[in-house]
file my_file_25.txt (compact mmCIF, C-alpha atoms)
# COMPACT_ATOMS: atom_id res chain seq x y z
CA MET R 19 5.79 -13.06 -9.37
CA ALA R 20 2.02 -13.36 -9.40
CA PHE R 21 0.57 -9.98 -8.60
CA ARG R 22 -1.26 -7.38 -10.61
CA VAL R 23 -2.07 -3.73 -9.98
CA GLN R 24 -4.90 -2.61 -12.21
CA ARG R 25 -7.86 -0.27 -12.60
CA GLU R 26 -10.14 -2.94 -14.05
CA ASP R 27 -12.28 -5.30 -12.04
CA PHE R 28 -11.36 -9.00 -11.86
CA ASP R 29 -13.32 -12.25 -12.05
CA LEU R 30 -12.61 -14.08 -8.79
CA GLY R 31 -13.87 -17.43 -10.04
CA ALA R 32 -11.87 -17.25 -13.26
CA GLU R 33 -8.72 -16.24 -11.37
CA LEU R 34 -9.01 -19.17 -8.95
CA ALA R 35 -9.74 -21.58 -11.80
CA ALA R 36 -6.67 -20.37 -13.69
CA LEU R 37 -4.51 -20.65 -10.59
CA ARG R 38 -5.21 -24.35 -10.15
CA ALA R 39 -5.70 -25.32 -13.80
CA GLY R 40 -3.77 -28.43 -14.79
CA ARG R 41 -2.34 -29.04 -11.31
CA ASP R 42 -3.00 -31.92 -8.96
CA ASP R 43 -0.54 -30.95 -6.21
CA ILE R 44 -2.85 -28.38 -4.59
CA GLY R 45 -4.97 -29.63 -1.73
CA ALA R 46 -6.07 -26.29 -0.27
CA LEU R 47 -6.96 -23.05 -2.00
CA VAL R 48 -7.79 -20.03 0.19
CA SER R 49 -8.95 -16.69 -1.15
CA PHE R 50 -9.82 -13.34 0.40
CA THR R 51 -11.64 -10.52 -1.38
CA GLY R 52 -11.77 -6.94 -0.08
CA LEU R 53 -14.91 -4.95 -0.98
CA VAL R 54 -15.96 -1.29 -0.82
CA ARG R 55 -18.31 -0.98 2.16
CA ASP R 56 -21.14 1.48 2.52
CA PRO R 57 -23.08 0.30 5.59
CA ASP R 58 -24.89 3.61 6.08
CA GLY R 59 -25.65 4.23 2.42
CA THR R 60 -23.82 7.57 2.51
CA LEU R 61 -20.90 6.86 0.20
CA ARG R 62 -20.79 9.11 -2.87
CA GLY R 63 -17.31 8.33 -4.03
CA PHE R 64 -14.36 6.05 -3.27
CA GLU R 65 -10.89 6.35 -4.69
CA LEU R 66 -7.68 4.37 -4.28
CA GLU R 67 -4.40 6.14 -4.90
CA HIS R 68 -1.11 4.27 -5.08
CA TYR R 69 2.59 4.80 -5.65
CA PRO R 70 3.47 3.23 -9.03
CA GLY R 71 6.87 1.59 -8.78
CA MET R 72 6.95 1.24 -5.02
CA THR R 73 3.65 -0.65 -5.09
CA GLU R 74 5.11 -3.35 -7.30
CA LYS R 75 8.28 -3.54 -5.20
CA ALA R 76 6.27 -3.86 -1.99
CA LEU R 77 3.98 -6.55 -3.40
CA ALA R 78 6.96 -8.52 -4.71
CA ALA R 79 8.66 -8.33 -1.29
CA ILE R 80 5.52 -9.38 0.58
CA GLU R 81 4.95 -12.27 -1.81
CA SER R 82 8.58 -13.44 -1.52
CA GLU R 83 8.36 -13.37 2.26
CA ALA R 84 5.20 -15.52 2.23
CA LEU R 85 6.80 -18.03 -0.15
CA ALA R 86 9.83 -18.24 2.15
CA ARG R 87 7.71 -18.88 5.24
CA TRP R 88 5.10 -21.38 4.03
CA PRO R 89 5.13 -24.35 1.65
CA LEU R 90 2.94 -22.75 -1.01
CA GLN R 91 2.29 -23.92 -4.54
CA ALA R 92 0.95 -20.57 -5.67
CA ILE R 93 0.11 -17.02 -4.62
CA LEU R 94 -2.00 -14.50 -6.48
CA ILE R 95 -2.47 -10.87 -5.45
CA ILE R 96 -4.65 -8.46 -7.42
CA HIS R 97 -5.07 -4.90 -6.14
CA ARG R 98 -7.12 -2.26 -7.93
CA HIS R 99 -6.66 1.52 -7.95
CA GLY R 100 -8.68 4.47 -9.20
CA PRO R 101 -12.35 5.26 -8.58
CA LEU R 102 -14.56 2.45 -7.22
CA ALA R 103 -18.25 2.21 -6.31
CA SER R 104 -19.77 0.68 -3.18
CA GLY R 105 -19.92 -3.10 -3.35
CA GLU R 106 -17.07 -3.29 -5.86
CA GLN R 107 -14.09 -5.57 -5.39
CA ILE R 108 -10.96 -3.70 -4.20
CA MET R 109 -8.48 -6.52 -4.12
CA MET R 110 -7.94 -10.24 -3.67
CA VAL R 111 -5.31 -12.64 -2.45
CA ALA R 112 -5.26 -16.37 -3.08
CA THR R 113 -2.90 -18.93 -1.60
CA ALA R 114 -2.57 -22.56 -2.63
CA SER R 115 -0.89 -25.28 -0.61
CA ALA R 116 -1.00 -29.02 -0.02
CA HIS R 117 -2.82 -28.51 3.28
CA ARG R 118 -5.11 -25.81 4.64
CA ALA R 119 -3.05 -24.50 7.57
CA ALA R 120 -0.32 -23.03 5.38
CA ALA R 121 -2.84 -21.58 2.92
CA PHE R 122 -4.93 -19.89 5.66
CA GLU R 123 -1.90 -18.53 7.53
CA ALA R 124 -0.20 -17.23 4.40
CA ALA R 125 -3.40 -15.49 3.27
CA GLU R 126 -3.68 -13.74 6.65
CA PHE R 127 -0.02 -12.77 6.53
CA LEU R 128 -0.43 -11.31 3.03
CA MET R 129 -3.47 -9.31 4.11
CA ASP R 130 -1.81 -7.98 7.26
CA TYR R 131 1.15 -6.75 5.21
CA LEU R 132 -0.93 -5.37 2.34
CA LYS R 133 -2.97 -3.31 4.83
CA SER R 134 -0.08 -1.28 6.13
CA ARG R 135 3.01 -1.96 3.98
CA ALA R 136 1.70 -1.62 0.43
CA PRO R 137 1.52 2.05 -0.66
CA PHE R 138 -2.22 2.44 -1.25
CA TRP R 139 -4.44 5.17 0.20
CA LYS R 140 -8.24 5.17 0.33
CA LYS R 141 -10.30 8.31 0.00
CA GLU R 142 -14.03 8.33 0.75
CA THR R 143 -16.52 11.01 -0.24
CA THR R 144 -19.84 11.35 1.60
CA ALA R 145 -22.37 14.17 1.90
CA ALA R 146 -20.13 15.55 4.66
CA GLY R 147 -17.20 15.86 2.25
CA ALA R 148 -14.11 13.93 1.19
CA SER R 149 -11.66 12.41 3.65
CA TRP R 150 -8.66 10.11 3.54
CA VAL R 151 -9.28 6.89 5.43
CA ASP R 152 -7.12 6.75 8.57
CA ALA R 153 -4.88 3.76 9.13
CA ARG R 154 -6.12 1.70 12.07
CA GLU R 155 -3.82 1.07 14.99
CA GLU R 156 -4.84 -2.58 15.11
CA ASP R 157 -3.61 -2.99 11.53
CA GLU R 158 -0.13 -1.99 12.63
CA GLY R 159 -0.48 -4.26 15.68
CA ALA R 160 -1.46 -7.17 13.43
CA LEU R 161 2.03 -7.12 11.93
CA ALA R 162 3.68 -7.74 15.28
CA ARG R 163 2.61 -11.38 15.46
CA TRP R 164 4.49 -12.17 12.26
CA SER R 165 7.79 -10.66 13.39
CA ARG R 166 10.55 -13.15 13.94
CA GLY R 167 13.34 -12.95 16.46
CA MET A 7 22.10 17.01 -5.62
CA THR A 8 18.76 16.86 -7.42
CA LEU A 9 16.00 14.76 -5.90
CA ASP A 10 12.60 13.78 -7.23
CA VAL A 11 10.25 14.48 -4.33
CA LEU A 12 6.82 12.82 -4.46
CA TYR A 13 3.69 13.45 -2.39
CA PHE A 14 0.69 11.17 -2.00
CA ALA A 15 -2.84 11.37 -0.58
CA TRP A 16 -3.42 14.37 1.74
CA LEU A 17 0.24 15.38 1.56
CA ARG A 18 -0.19 15.79 -2.21
CA GLU A 19 -3.32 17.85 -1.63
CA ARG A 20 -1.69 20.12 0.98
CA VAL A 21 1.49 20.70 -1.00
CA GLY A 22 -0.58 21.12 -4.16
CA LEU A 23 1.42 18.94 -6.52
CA PRO A 24 2.22 15.24 -6.99
CA SER A 25 5.96 15.60 -7.54
CA GLU A 26 8.73 18.08 -8.07
CA SER A 27 12.45 18.25 -8.63
CA VAL A 28 14.30 19.65 -5.61
CA GLU A 29 17.88 20.91 -5.51
CA THR A 30 19.21 20.27 -2.02
CA GLU A 31 22.26 19.58 0.08
CA ALA A 32 20.20 17.97 2.85
CA ALA A 33 22.06 15.04 4.41
CA THR A 34 18.96 13.34 5.81
CA VAL A 35 15.22 13.17 5.21
CA ALA A 36 14.69 15.31 8.32
CA GLU A 37 16.95 18.04 6.89
CA LEU A 38 15.04 17.94 3.60
CA VAL A 39 11.75 18.35 5.49
CA ASP A 40 13.19 21.36 7.35
CA GLU A 41 14.24 22.94 4.04
CA LEU A 42 10.84 22.37 2.46
CA ARG A 43 9.01 23.78 5.52
CA LEU A 44 10.84 27.08 5.11
CA ARG A 45 9.80 27.46 1.48
CA GLU A 46 6.09 28.25 1.81
CA PRO A 47 3.24 27.83 4.29
CA ARG A 48 1.72 24.96 2.29
CA TYR A 49 4.82 22.85 2.98
CA ALA A 50 4.77 23.83 6.64
CA ALA A 51 1.12 22.72 6.74
CA ALA A 52 1.88 19.40 5.04
CA PHE A 53 4.74 18.67 7.43
CA ALA A 54 3.11 20.06 10.59
CA ASP A 55 2.76 16.63 12.24
CA MET A 56 5.55 14.29 11.22
CA ALA A 57 4.08 11.49 13.36
CA ALA A 58 1.39 11.28 10.65
CA VAL A 59 3.88 11.16 7.78
CA ARG A 60 5.67 8.14 6.34
CA VAL A 61 8.78 8.34 4.15
CA ALA A 62 10.20 6.24 1.35
CA VAL A 63 13.69 6.74 -0.06
CA ASP A 64 14.08 5.19 -3.51
CA GLN A 65 10.80 3.35 -2.93
CA GLU A 66 11.85 1.71 0.35
CA LEU A 67 10.25 2.67 3.68
CA ARG A 68 12.70 4.65 5.80
CA ASP A 69 12.62 6.85 8.88
CA LEU A 70 13.29 10.58 9.15
CA GLY A 71 16.92 10.02 10.03
CA ALA A 72 17.63 8.16 6.79
CA PRO A 73 20.63 9.51 4.85
CA LEU A 74 20.05 10.95 1.39
CA ALA A 75 23.52 10.36 -0.07
CA GLY A 76 23.05 8.69 -3.45
CA ALA A 77 19.27 8.88 -3.25
CA ARG A 78 17.22 9.81 -6.33
CA GLU A 79 13.62 9.72 -5.13
CA VAL A 80 12.02 10.66 -1.81
CA ALA A 81 8.30 10.20 -1.20
CA PHE A 82 6.08 11.50 1.60
CA PHE A 83 2.69 10.00 2.40
CA PRO A 84 0.31 9.14 5.26
CA PRO A 85 0.19 5.65 6.84
CA MET A 86 -0.87 3.22 4.12
CA THR A 87 -4.41 1.86 3.88
CA GLY A 88 -4.25 -0.96 1.36
CA GLY A 89 -6.14 -4.22 1.32
call {"tool": "encode", "arguments": {"input": "my_file_25.txt", "output": "structure tokens"}}
result
Amino acid sequence: MAFRVQREDFDLGAELAALRAGRDDIGALVSFTGLVRDPDGTLRGFELEHYPGMTEKALAAIESEALARWPLQAILIIHRHGPLASGEQIMMVATASAHRAAAFEAAEFLMDYLKSRAPFWKKETTAAGASWVDAREEDEGALARWSRG
Amino acid sequence: MTLDVLYFAWLRERVGLPSESVETEAATVAELVDELRLREPRYAAAFADMAAVRVAVDQELRDLGAPLAGAREVAFFPPMTGG
């Protein structure tokens, strides 16, 4: 299983290079990186809490499901937790396949599931105080298109 | 039976602790919630709106009607906001 849950930052370029090192069967490599936004310049703190144990189980299940649905040569998921500053990387997914369609679709699938099925919670602090980020209804709706039968 | 009960995010803040050991005969998650609510106002506050609460039994997402027989760990948390 290729996922990591960590406090430290990651080097996107180095991760992608490592993922495809020594392989010539990969024709398409898609990556997504989630970042801490602060469009109004009001963010004073950002924290990601998670559920150790369940997080790893959920990531393993999501990864297995993607591997079962698409012909992928590799998947990498890295998700951070703990305090983060605006502009910092929160997480990444990368998918590698022979052709781009599978890699794009699998990356979207992974993101849709990570959003609302991996036990992470975001807390933002601004001048107005601290608040837990609400889940968005459209995130739940995004899962519906992947449901089978 | 003895259950490890875990709280995350604002549920942890309202209850005032991240986890605790609970002695209970509750048959379902819903019965456990009812027992906890009766303990102290902070539990009643945490469980005031169950539509905003998600549940995991032994680290698998479940609904309020899920049975607790054989369970070791129950967690309560708001809808997840990963990614």
call {"tool": "closest_residue", "arguments": {"input": "my_file_25.txt", "among": "R:Ala36, R:Val54, R:Ala79, R:Leu61", "to": "Ala145 of chain R", "atoms": "all atoms listed in the file"}}
result
R:Leu61
call {"tool": "interface_residues", "arguments": {"input": "my_file_25.txt", "of": "chain R", "to": "chain A", "cutoff": "10 Å", "atoms": "only C-alpha atoms", "output": "MDAnalysis selection string"}}
result
chainID R and resid 50:53 66:76 96:99 108:111 128:141 149:154 157:158
call {"tool": "residues_around", "arguments": {"input": "my_file_25.txt", "residues": "segment 20-22 of chain A", "least_positions_apart": "5", "cutoff": "8 Å", "atoms": "all atoms listed in the file", "output": "MDAnalysis selection string"}}
result
chainID A and resid 13 48:49 51:52
call {"tool": "residues_around", "arguments": {"input": "my_file_25.txt", "residues": "Glu29 of chain A", "least_positions_apart": "2", "cutoff": "8 Å", "atoms": "only C-alpha atoms", "output": "ChimeraX atom specification"}}
result
/A:7-9,27,31
call {"tool": "atom_distance", "arguments": {"input": "my_file_25.txt", "atom1": "atom CA of Gly76 of chain A", "atom2": "atom CA of Leu42 of chain A"}}
result
19.3 Å
call {"tool": "atom_distance", "arguments": {"input": "my_file_25.txt", "atom1": "atom CA of Arg166 of chain R", "atom2": "atom CA of Arg87 of chain R"}}
result
10.8 Å
